[in-house]
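Read through the structure below, which is laid out as C-alpha cells, and then see the notes.
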Amino acid sequence: MRTPLLSTLAIFAVAAWVWVHAAETPRYLVSHNPVLVELFTSEGCSSCPPADALLSKFDRQSRTGAEIVVLSEHVDYWNDLGWKDPYSSHVYSDRQNTYADRLGLSSVYTPQMVVDGTIELVGSSARSANDAVRSGF
C-alpha cells in the first residue's frame with residue numbers, strides 16, 4: 001500500500017517539475033517572427049559597399065538564431081551611367097518605387113534599406129538599421 005502512494009507522489013513531483021521548468025524555454029528555442037531586410041543597391045554605387053557589408057552581417061546573424069531574411073536587390077537605374085551591374089533588374093527598381101509610393105517618399109536612392117516593408121533608411125546607417133531590425137522582434 002505504501003509503494004503506490006510513493007509512486008504517485010513521485011509522478012506528481014516529476015510532473016510539477018516539468019510544468020514549472022517548461023516555462024523556462026531557452027531563448028534560442030523561442031520562435032520569433034522573421035524580419036525582412038531589403039537593401040536596394042548597385043555595383044555602380046560608390047557609397048553602397050558599407051551597406052552591402054551591413055546586410056552581410058545581418059545574414060550571418062540569421063544563421064546564429066535571429067530570424068532575419070536578407071535580400072540584396074540590385075536596381076537598374078545606375079546602368080545608364082556607363083556601368084552595367086550584371087546583377088541588376090528592373091523588377092528591383094519597380095519594387096523600390098512601390099515602397100517609395102507606399103511610404104510617401106519623393107524619390108529613391110542607393111543604398112536604401114527597407115525593413116519589413118514599413119521602415120526605410122540609409123542602408124549604410126548601422127545604428128538605424130539595428131534599431132529597425134530589433135523593432136521587428
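By convention in this document, the chains of the C-alpha cells carry letters A, B, ... by their order, each chain's residues are numbered from 1, and ligands are numbered from 1 in the order they are shown.
Contact shell of Thr41 in chain A at 10 Å (only C-alpha atoms; same-chain neighbours under 2 positions omitted): Glu38, Leu39, Glu43, Gly44, Cys45, Ser46, Ser47, Cys48, Pro49, Ala51, Asp52, Ser72, Glu73, His74, Val75, Asp76, Trp78, Asp85, Tyr87, Ser88, Tyr92, Ser93, Tyr109, Thr110, Pro111, Gln112, Met113 and Gly123 of chain A.
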Problem set entry | Nearest residue to Leu54 in chain A from the set A:Leu103, A:Ala126, A:Val37, A:Ala132 (distances using only C-alpha atoms) |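 Looking at the shortest contact to Leu54 in chain A, the residue is A:Ala126.
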For this session: Rounded to one decimal place, report the CA of Asn33 in chain A-CA of Gly117 in chain A distance in Å.
Result: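 That distance, rounded to one decimal, is 14.0 Å.
For the choices A:Lys84, A:Arg60, A:Val115, A:Ala100, the atom-to-atom distance to Arg134 in chain A is smallest for A:Val115 when using only C-alpha atoms.
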Exercise. Pick from A:Ser42, A:Ser106, A:Gln96, A:Ser125: nearest to Asn79 in chain A, with only C-alpha atoms counted?
Worked result: A:Ser42
Exercise. Looking only at the backbone, which of the residues in range 80-118 of chain A does DSSP tag as strand (DSSP E), as a ChimeraX atom specification?
Worked result: /A:112-115
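A straight line drawn from CA of Tyr77 in chain A to CA of His90 in chain A is 7.9 Å long.
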For Val133 in chain A, work out the shell of residues within 9 Å, counting only C-alpha atoms and skipping chain neighbours fewer than 3 positions away, then give it as an mmCIF file with N, CA and C atoms, in the first residue's frame.
data_model
loop_
_atom_site.group_PDB
_atom_site.id
_atom_site.type_symbol
_atom_site.label_atom_id
_atom_site.label_comp_id
_atom_site.auth_asym_id
_atom_site.auth_seq_id
_atom_site.Cartn_x
_atom_site.Cartn_y
_atom_site.Cartn_z
ATOM 1 N N VAL A 35 12.165 38.825 -39.728
ATOM 2 C CA VAL A 35 12.267 40.232 -40.123
ATOM 3 C C VAL A 35 12.898 40.268 -41.512
ATOM 4 N N LEU A 36 12.207 40.906 -42.449
ATOM 5 C CA LEU A 36 12.705 41.024 -43.813
ATOM 6 C C LEU A 36 13.508 42.313 -43.948
ATOM 7 N N VAL A 37 14.766 42.190 -44.387
ATOM 8 C CA VAL A 37 15.636 43.339 -44.606
ATOM 9 C C VAL A 37 16.018 43.349 -46.085
ATOM 10 N N ILE A 68 16.338 36.691 -39.410
ATOM 11 C CA ILE A 68 16.439 37.826 -40.319
ATOM 12 C C ILE A 68 16.570 37.282 -41.732
ATOM 13 N N VAL A 115 12.986 47.757 -44.055
ATOM 14 C CA VAL A 115 12.833 46.694 -43.067
ATOM 15 C C VAL A 115 11.352 46.389 -42.898
ATOM 16 N N ASP A 116 11.005 45.152 -43.129
ATOM 17 C CA ASP A 116 9.622 44.664 -43.021
ATOM 18 C C ASP A 116 8.618 45.485 -43.820
ATOM 19 N N SER A 128 20.749 52.934 -37.252
ATOM 20 C CA SER A 128 19.343 52.965 -37.668
ATOM 21 C C SER A 128 18.869 51.580 -38.111
ATOM 22 N N ALA A 129 19.729 50.878 -38.823
ATOM 23 C CA ALA A 129 19.365 49.533 -39.300
ATOM 24 C C ALA A 129 19.186 48.570 -38.134
ATOM 25 N N ASN A 130 20.111 48.608 -37.163
ATOM 26 C CA ASN A 130 19.981 47.725 -35.997
ATOM 27 C C ASN A 130 18.705 48.032 -35.230
ATOM 28 N N GLY A 136 11.510 44.704 -35.200
ATOM 29 C CA GLY A 136 10.783 43.600 -35.815
ATOM 30 C C GLY A 136 10.657 42.373 -34.946
ATOM 31 N N PHE A 137 11.487 42.277 -33.913
ATOM 32 C CA PHE A 137 11.428 41.136 -32.999
ATOM 33 C C PHE A 137 10.461 41.466 -31.938
#
Exercise. How many Å separate CA of Pro34 in chain A from CA of Ser135 in chain A?
Worked result: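 Those two atoms sit 11.3 Å apart.
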Exercise. Smallest atom-to-atom distance to Thr98 in chain A: which of A:Leu55, A:Ser124, A:Val114, A:Trp83, using only C-alpha atoms?
Worked result: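 Smallest distance to Thr98 in chain A is found for A:Val114.
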